[in-house]
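J.: Just passing along the structure, written as structure tokens.
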Amino acid sequence: MSVWRVIVAAVLLVLRGGRRGPKPEEPVDPRERRVPINSRAQLLVAALLALGGLAGLGFSVLYLLEPGNETQWLGLALGVALALIAAALIVAGKAVVPQEIAVEERSQLVHEHDEAIVPQMVAAGGEGVTRRRLIAGAAGVAGIGVGAALVTPAASLGPNVSQRIDDTPWRRGVRVVDERGRAILADDVAFGTFVTGFPEGASLRDLAAPIVIVRLLPSTIHLPAGRPLAQWAPEGLLAYSKICTHAGCAIALYRYPSFRATQPRPALVCPCHYSTFDPARGADVIFGPAGRPLPQLPLAIDPATRELRANGGYSGSIGPAWLNVDRGGA
Amino acid sequence: MSAAGQASRDGATPPPGRDTVRWIDERAGASPALKAALRYVFPEHWSFMLGEIALYAFLVLVGTGTFLALFFQSSTAETTYHGSYAPLFGERMSLAYWSTLRLSQDVPAGLLMRQTHHWAALIFIAAIVAHLLRVFFTAAFRKPRDITWAIGVTLLMLAVLEGFAGYSMPDDLLSGMGLAIAYGVAMSIPVIGGNLAFLVWGGEYPGTHEFTTRLLTLHIFLLPALIGLLIALHLAFVIRNHHTQFRGPGRTERNVVGTPTWPAYALRSLGLLFATAAVLFLLGGLVQINPIWQWGPYETYLATNGAQPDWYLGWLIGGLRIMPPLEIHFWGLTWIPNPFWGGAAFPLVVFGVLYAIPWLDRRLTRDFSRHELLDRPRDNPQRTALGMAFFSWVALVFFAGSADRILIRFGIPYEAQIWFARAAVFVVPVLVYLVTRRICRELQRSDAHPLRGWSGRRVRRTPAGGFAVVEPGAATQAGDDG
């Protein structure tokens with residue numbers, strides 16, 4: 001009980017305005033009209049209006065004299081002009097024009113007589129109609145048919161989802177390049193770095209295109225069954241779709257421990273909602289809202305040139321989930 | 001005024017302006033309506049002006065938005081930048097980004113208009129939310145204003161959509177990240193999500209060229225027209241039923257006491273219009289917002305850390321972030337993908353509750369009558385406490401959405417914050433409910449007014465070691481002594 005009193009007292013203390021309002025008397029009729037004859041207020045209004053006009057003109061002058069990046073001065077001139085006019089209007093409304101408290105009676109909303117008559121009038125319109133159910137049924141058919149006809153063109157807005165998402169530009173042998181089309185070599189991917197790659201010749205806008213490539217010690221990698229290291233992590237190089245399986249943002253963060261003993265494992269992180277994936281374990285979700293791992297892309301290293309190539313397609317669907325998403329065995 | 005009326009009735013010189021009214025009357029028969037409009041009574045309270053601020057911010061939005069529409073090119077066609085912003089000189093970018101950049105850097109007064117438009121959007125929605133809270137906690141949503149309430153909730157929803165569509169248009173990095181999330185949420189709608197997203201984007205994200213046209217049509221035509229129409233309807237209902245009023249001398253359920261439109265209220269309300277516009281243009285001129293040239297153009301493979309949407313989407317990013325990795329899948333199909341929980345189910349629940357409030361209130365209070373006098377929050381501790389619990393729940397999710405900024409600023413681990421928020425959304429609303437209900441009951445008992453003075457007494461230690469009450473008049477002097 002005393003705790004409650006302390007809380008209430010604290011709230012009251014924080015909110016108190018500092019003055020003690022007297023209890024209002026209860027007059028029956030609140031109506032009043034007062035005509036303030038206040039020439040100083042009138043002068044003030046005139047001055048504020050004139051100054052507001054000058055500031056407004058100032059805006060135009062600034063605009064004409066300094067066309068260019070005068071955003072601050074223009075904003076200041078226009079804002080001050082509007083503020084002066086606002087002040088003039090409020091002073092005029094409070095101290096120049098008659099101050100009146102009026103009473104208006106509220107109108108009646110309920111009209112009992114008309115409420116009874118309206119349904120009768122509607123019913124009278126159906127006088128002499130004998131085949132009501134037939135006509136109502138036919139009207140229903142008309143409504144459904146025309147409604148369907150009006151809604152159908154919406155299907156033109158976009159294609160069926162079908163297999164389009166899973167048609168990716170990645171095939172066995174496709175070269176991995178950077179955003180300027182230069183080949184990425186196996187030795188470009190050092191420990192602790194994070195390289196974004198694209199399939200050679202594909203559009204960068206394609207959601208299936210971008211991959212992240214990281215390098216881990218092969219002894220720390222534990223991929224799901226059916227992904228032998230030779231095809232899926234040659235020399236410890238791992239590639240995953242860069243598009244988050246949660247909501248489609250780019251996986252732009254790579255957390256790599258600088259002191260392995262105390263810091264958590266390496267992780268790929270999406271900056272939108274912090275879905276966190278473990279690259280050593282097939283990009284399993286270790287924190288955040290993503291519902292499935294990032295799809296992995298098998299890699300091969302060209303023995304002659306050391307260029308990276310895809311060694312097949314993704315292990316599952318890329319991007320956000322939908323009904324038929326391929327979860328890649330997860 | 002009465003003297004002038006007398007003169008015309010006597011057949012003497014008609015009052016000035018009578019000819020104008022006659023001209024209107026002969027065509028529209030509007031003089032009774034004009035008379036009623038001039039005498040229309042507005043009850044006065046500062047909190048009744050929140051809705052007016054929203055209305056006036058909308059006017060600024062329409063004005064500045066029209067200016068922007070004369071420059072903006074909604075196209076993803078690529079071009080090369082040769083404008084005056086040196087760091088991006090020679091960069092390839094979409095026409096949408098290019099024209100926004102040109103508008104900001106090279107069109108005189110362009111940046112002022114763009115920034116004012118953005119600030120006005122933030123304040124438009126903030127004013128709507130503040131207005132909604134005022135209407136809820138004073139129970140102004142009760143009959144006959146339940147329809148007005150539903151229109152207002154719809155306006156809030158449309159305003160959030162409109163704001164999101166707006167800042168998605170410039171095709172900068174942040175707008176692209178926002179759209180990617182919107183695509184993810186659309187895909188996550190059970191069963192139909194994949195096809196729905198493909199319909200909206202014209203194919204797989206980032207969509208076809210038509211998508212930017214759709215966004216433009218939505219932002220500058222469909223949604224503003226709908227918002228304008230609903231504002232008109234909202235105001236029509238307000239005018240039909242007049243404002244509510246707080247209890248006070250001479251105020252009853254059958255009348256409305258306050259200032260008539262002409263002249264004092266009209267001047268003051270016009271003053272508020274100018275003041276709102278002044279604040280918005282000062283913000284637009286002096287306080288930088290969304291400098292898209294710093295974010296750079298968007299590509300699907302780019303994202304940045306610590307990115308935050310406009311404030312009114314904070315509760316959605318919070319909902320998406322604190323949701324554990326739960327997806328419903330069986331028979332080889334994914335029935336409920338994860339973004340659905342935070343991005344679709346959560347706002348559906350929030351708006352569902354908002355729409356249901358008048359009905360829920362009738363059910364809980366068993367009060368079906370017409371109300372013209374407002375409750376103070378304390379008058380119905382149950383409603384106030386339930387409302388505080390609900391809004392604190394939404395607010396908590398909102399603040400959880402800024403966990404990345406707190407990580408970057410203060411180094412508090414992100415995971416710890418999210419686990420805290422996941423527990424707090426269940427615990428805090430219950431605590432808020434209990435504390436609010438108790439505060440309301442204490443206020444009812446003591447009849448104190450938290451915003452209008454303090455009913456306690458100050459005591460002072462006397463030299464003899466006792467305590468003496470300090471009278472209000474002597475308070476300052478007593479303070480000076482110490």
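Convention: chains lettered A, B, ... in structure tokens order; per-chain residue numbering from 1; ligands numbered from 1 as shown.
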DSSP on the backbone, helix (DSSP H, G or I) only: what residues of range 6-209 of chain B does that give? Format it as number ranges by chain.
T.: B: 6-9, 18-28, 31-39, 46-69, 86-88, 95-105, 110-137, 146-168, 173-187, 193-201, 209
J.: Show me, as a VMD selection string, the residues that have an atom within 9 Å of range 143-158 of chain A when counting only C-alpha atoms, minus same-chain residues fewer than 6 positions from it.
T.: chain B and resid 195 to 203 210
J.: Check range 35-114 of chain A with DSSP on the backbone and list each residue it calls strand (DSSP E), as a list of chain:residue names.
T.: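 In range 35-114 of chain A, DSSP puts these residues in strand (DSSP E): A:Gln99, A:Glu100, A:Ile101, A:Ala102, A:Val103, A:Glu104, A:Glu105.
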J.: Using only C-alpha atoms, which residues sit within 12 Å of Arg227 in chain A once same-chain residues fewer than 2 positions away are excluded, as a list in words?
T.: Ile221, His222, Leu223, Pro224, Ala225, Leu229, Ala230, Gln231, Trp232, Ala233, Pro234, Leu238, Arg281, Gly282, Gln296, Leu297, Pro298, Leu299, Asn311, Gly312, Tyr314, Ser315, Gly328 and Gly329 of chain A
J.: Export, as a short mmCIF file (atom, residue, chain, number, x, y, z; two decimals), in the first residue's frame, the selected residues with C-alpha atoms.
T.:
```cif
data_model
loop_
_atom_site.label_atom_id
_atom_site.label_comp_id
_atom_site.auth_asym_id
_atom_site.auth_seq_id
_atom_site.Cartn_x
_atom_site.Cartn_y
_atom_site.Cartn_z
CA ILE A 221 33.35 -26.81 -40.91
CA HIS A 222 30.46 -29.22 -40.26
CA LEU A 223 28.08 -29.10 -43.24
CA PRO A 224 24.79 -31.03 -43.33
CA ALA A 225 24.85 -34.60 -44.60
CA LEU A 229 33.64 -30.60 -48.33
CA ALA A 230 35.40 -31.16 -51.66
CA GLN A 231 32.38 -29.86 -53.62
CA TRP A 232 30.81 -27.52 -51.07
CA ALA A 233 33.84 -26.06 -49.27
CA PRO A 234 37.02 -26.48 -51.33
CA LEU A 238 31.99 -21.41 -48.51
CA ARG A 281 27.29 -25.33 -40.29
CA GLY A 282 25.52 -24.76 -43.57
CA GLN A 296 24.47 -22.78 -50.07
CA LEU A 297 26.19 -22.72 -53.46
CA PRO A 298 28.77 -25.48 -54.13
CA LEU A 299 32.11 -24.11 -55.36
CA ASN A 311 29.89 -26.39 -58.80
CA GLY A 312 26.10 -26.69 -59.20
CA TYR A 314 21.80 -23.62 -54.70
CA SER A 315 20.89 -26.12 -51.99
CA GLY A 328 16.90 -27.29 -48.82
CA GLY A 329 16.35 -30.24 -46.51
#
```
J.: Determine, counting only C-alpha atoms, which protein, DNA and RNA residues have an atom within 10 Å of an atom of Phe281 in chain B; residues of the same chain fewer than 6 positions away are not included. Present the result as a VMD selection string.
T.: (chain A and resid 72 74 to 80 82 to 83) or (chain B and resid 60 112 to 113 115 to 117 119 to 120 275 287)
J.: Name the closest residue to Glu100 in chain A among the candidates B:Tyr265, B:Ala36, B:Gln382, B:Ser168; distances are taken between atoms, counting only C-alpha atoms.
T.: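 Looking only at the distances to Glu100 in chain A, the closest residue turns out to be B:Tyr265.
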J.: Between B:Ala28, B:Leu354, B:Asp106, B:Thr212, single out the one closest to Ala77 in chain B, counting only C-alpha atoms.
T.: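 Ranking B:Ala28, B:Leu354, B:Asp106, B:Thr212 by distance to Ala77 in chain B, first place goes to B:Thr212.
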J.: I'd like the contact shell of Ser188 in chain B - 12 Å cut-off, only C-alpha atoms, skipping same-chain residues fewer than 6 positions apart - returned as number ranges by chain.
T.: A: 245-248, 290-291, 319-325; B: 181-182, 194-197, 320, 327-328, 334-345
J.: Using N, CA and C atoms, can you write the selected residues to a file as an mmCIF file, in the first residue's frame?
T.:
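Result written to part_8.cif:
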```
data_model
loop_
_atom_site.group_PDB
_atom_site.id
_atom_site.type_symbol
_atom_site.label_atom_id
_atom_site.label_comp_id
_atom_site.auth_asym_id
_atom_site.auth_seq_id
_atom_site.Cartn_x
_atom_site.Cartn_y
_atom_site.Cartn_z
ATOM 1 N N THR A 245 16.997 -15.174 -45.871
ATOM 2 C CA THR A 245 15.811 -16.029 -46.008
ATOM 3 C C THR A 245 14.660 -15.537 -45.148
ATOM 4 N N HIS A 246 14.877 -14.440 -44.404
ATOM 5 C CA HIS A 246 13.791 -13.893 -43.595
ATOM 6 C C HIS A 246 12.967 -12.930 -44.424
ATOM 7 N N ALA A 247 13.535 -11.764 -44.758
ATOM 8 C CA ALA A 247 12.731 -10.766 -45.460
ATOM 9 C C ALA A 247 13.425 -10.183 -46.687
ATOM 10 N N GLY A 248 14.491 -10.813 -47.159
ATOM 11 C CA GLY A 248 15.035 -10.424 -48.460
ATOM 12 C C GLY A 248 16.070 -9.319 -48.464
ATOM 13 N N ALA A 290 14.976 -15.486 -38.841
ATOM 14 C CA ALA A 290 14.936 -16.266 -40.086
ATOM 15 C C ALA A 290 14.493 -17.700 -39.786
ATOM 16 N N GLY A 291 13.680 -18.255 -40.669
ATOM 17 C CA GLY A 291 13.096 -19.565 -40.426
ATOM 18 C C GLY A 291 13.857 -20.711 -41.067
ATOM 19 N N GLY A 319 15.982 -16.287 -50.854
ATOM 20 C CA GLY A 319 15.084 -15.191 -50.475
ATOM 21 C C GLY A 319 14.000 -15.597 -49.498
ATOM 22 N N PRO A 320 13.017 -14.680 -49.297
ATOM 23 C CA PRO A 320 11.972 -14.910 -48.296
ATOM 24 C C PRO A 320 11.145 -16.158 -48.616
ATOM 25 N N ALA A 321 10.554 -16.734 -47.566
ATOM 26 C CA ALA A 321 9.781 -17.967 -47.723
ATOM 27 C C ALA A 321 8.389 -17.684 -48.254
ATOM 28 N N TRP A 322 7.804 -18.663 -48.958
ATOM 29 C CA TRP A 322 6.397 -18.646 -49.327
ATOM 30 C C TRP A 322 5.926 -20.084 -49.316
ATOM 31 N N LEU A 323 4.706 -20.332 -49.740
ATOM 32 C CA LEU A 323 4.109 -21.656 -49.574
ATOM 33 C C LEU A 323 5.012 -22.779 -50.088
ATOM 34 N N ASN A 324 5.523 -22.640 -51.318
ATOM 35 C CA ASN A 324 6.252 -23.746 -51.946
ATOM 36 C C ASN A 324 7.757 -23.602 -51.843
ATOM 37 N N VAL A 325 8.208 -22.850 -50.865
ATOM 38 C CA VAL A 325 9.650 -22.624 -50.776
ATOM 39 C C VAL A 325 10.370 -23.960 -50.573
ATOM 40 N N ILE B 181 11.965 -5.623 -47.403
ATOM 41 C CA ILE B 181 11.245 -6.160 -46.247
ATOM 42 C C ILE B 181 9.750 -6.259 -46.557
ATOM 43 N N ALA B 182 9.218 -5.228 -47.230
ATOM 44 C CA ALA B 182 7.796 -5.272 -47.599
ATOM 45 C C ALA B 182 7.526 -6.476 -48.495
ATOM 46 N N GLY B 194 3.027 -15.752 -52.076
ATOM 47 C CA GLY B 194 3.931 -15.740 -53.225
ATOM 48 C C GLY B 194 3.302 -15.050 -54.421
ATOM 49 N N ASN B 195 2.070 -15.445 -54.728
ATOM 50 C CA ASN B 195 1.410 -14.835 -55.885
ATOM 51 C C ASN B 195 1.059 -13.379 -55.634
ATOM 52 N N LEU B 196 0.695 -13.054 -54.393
ATOM 53 C CA LEU B 196 0.365 -11.665 -54.070
ATOM 54 C C LEU B 196 1.579 -10.757 -54.312
ATOM 55 N N ALA B 197 2.738 -11.194 -53.799
ATOM 56 C CA ALA B 197 3.945 -10.383 -53.971
ATOM 57 C C ALA B 197 4.281 -10.240 -55.456
ATOM 58 N N LEU B 320 9.107 -7.522 -36.310
ATOM 59 C CA LEU B 320 9.876 -8.474 -37.112
ATOM 60 C C LEU B 320 11.120 -8.937 -36.362
ATOM 61 N N GLU B 327 8.464 -20.884 -37.869
ATOM 62 C CA GLU B 327 7.720 -20.998 -39.133
ATOM 63 C C GLU B 327 6.873 -22.259 -39.041
ATOM 64 N N ILE B 328 5.693 -22.238 -39.639
ATOM 65 C CA ILE B 328 4.849 -23.426 -39.619
ATOM 66 C C ILE B 328 4.987 -24.123 -40.965
ATOM 67 N N THR B 334 5.430 -24.570 -46.708
ATOM 68 C CA THR B 334 5.600 -23.600 -45.630
ATOM 69 C C THR B 334 4.306 -22.809 -45.501
ATOM 70 N N TRP B 335 3.534 -23.127 -44.481
ATOM 71 C CA TRP B 335 2.200 -22.517 -44.353
ATOM 72 C C TRP B 335 2.283 -21.110 -43.807
ATOM 73 N N ILE B 336 3.123 -20.910 -42.789
ATOM 74 C CA ILE B 336 3.275 -19.555 -42.246
ATOM 75 C C ILE B 336 4.757 -19.220 -42.161
ATOM 76 N N PRO B 337 5.270 -18.447 -43.143
ATOM 77 C CA PRO B 337 6.658 -17.997 -43.051
ATOM 78 C C PRO B 337 6.819 -16.965 -41.938
ATOM 79 N N ASN B 338 8.039 -16.824 -41.441
ATOM 80 C CA ASN B 338 8.259 -16.016 -40.242
ATOM 81 C C ASN B 338 7.847 -14.544 -40.322
ATOM 82 N N PRO B 339 8.132 -13.816 -41.419
ATOM 83 C CA PRO B 339 7.799 -12.376 -41.386
ATOM 84 C C PRO B 339 6.321 -12.105 -41.170
ATOM 85 N N PHE B 340 5.463 -13.121 -41.396
ATOM 86 C CA PHE B 340 4.035 -12.912 -41.192
ATOM 87 C C PHE B 340 3.733 -12.477 -39.760
ATOM 88 N N TRP B 341 4.435 -13.075 -38.777
ATOM 89 C CA TRP B 341 4.099 -12.782 -37.374
ATOM 90 C C TRP B 341 4.281 -11.310 -37.055
ATOM 91 N N GLY B 342 5.499 -10.812 -37.316
ATOM 92 C CA GLY B 342 5.800 -9.441 -36.916
ATOM 93 C C GLY B 342 5.310 -8.408 -37.919
ATOM 94 N N GLY B 343 5.301 -8.780 -39.211
ATOM 95 C CA GLY B 343 5.017 -7.793 -40.247
ATOM 96 C C GLY B 343 3.563 -7.728 -40.663
ATOM 97 N N ALA B 344 2.792 -8.801 -40.424
ATOM 98 C CA ALA B 344 1.393 -8.804 -40.859
ATOM 99 C C ALA B 344 0.440 -9.093 -39.700
ATOM 100 N N ALA B 345 0.716 -10.186 -38.934
ATOM 101 C CA ALA B 345 -0.206 -10.540 -37.848
ATOM 102 C C ALA B 345 -0.221 -9.460 -36.764
#
```
J.: Just the residues within 9 Å of Glu442 in chain B, please, counting only C-alpha atoms, with nothing from its chain fewer than 4 positions along; format it as a PyMOL selection string.
T.: (chain A and resi 4-5+8) or (chain B and resi 378+437-438+446-448)
J.: Could the residues in this selection be saved with C-alpha atoms as a short mmCIF file (atom, residue, chain, number, x, y, z; two decimals), in the first residue's frame?
T.:
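New file part.cif:
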```
data_model
loop_
_atom_site.label_atom_id
_atom_site.label_comp_id
_atom_site.auth_asym_id
_atom_site.auth_seq_id
_atom_site.Cartn_x
_atom_site.Cartn_y
_atom_site.Cartn_z
CA TRP A 4 1.56 2.61 -4.26
CA ARG A 5 1.41 5.89 -2.40
CA VAL A 8 1.43 8.06 -7.01
CA ARG B 378 -9.28 8.55 -13.99
CA ARG B 437 -5.42 1.37 -12.31
CA ARG B 438 -4.04 2.20 -8.90
CA SER B 446 -7.76 12.65 -3.77
CA ASP B 447 -9.36 14.61 -6.64
CA ALA B 448 -5.90 15.98 -7.47
#
```
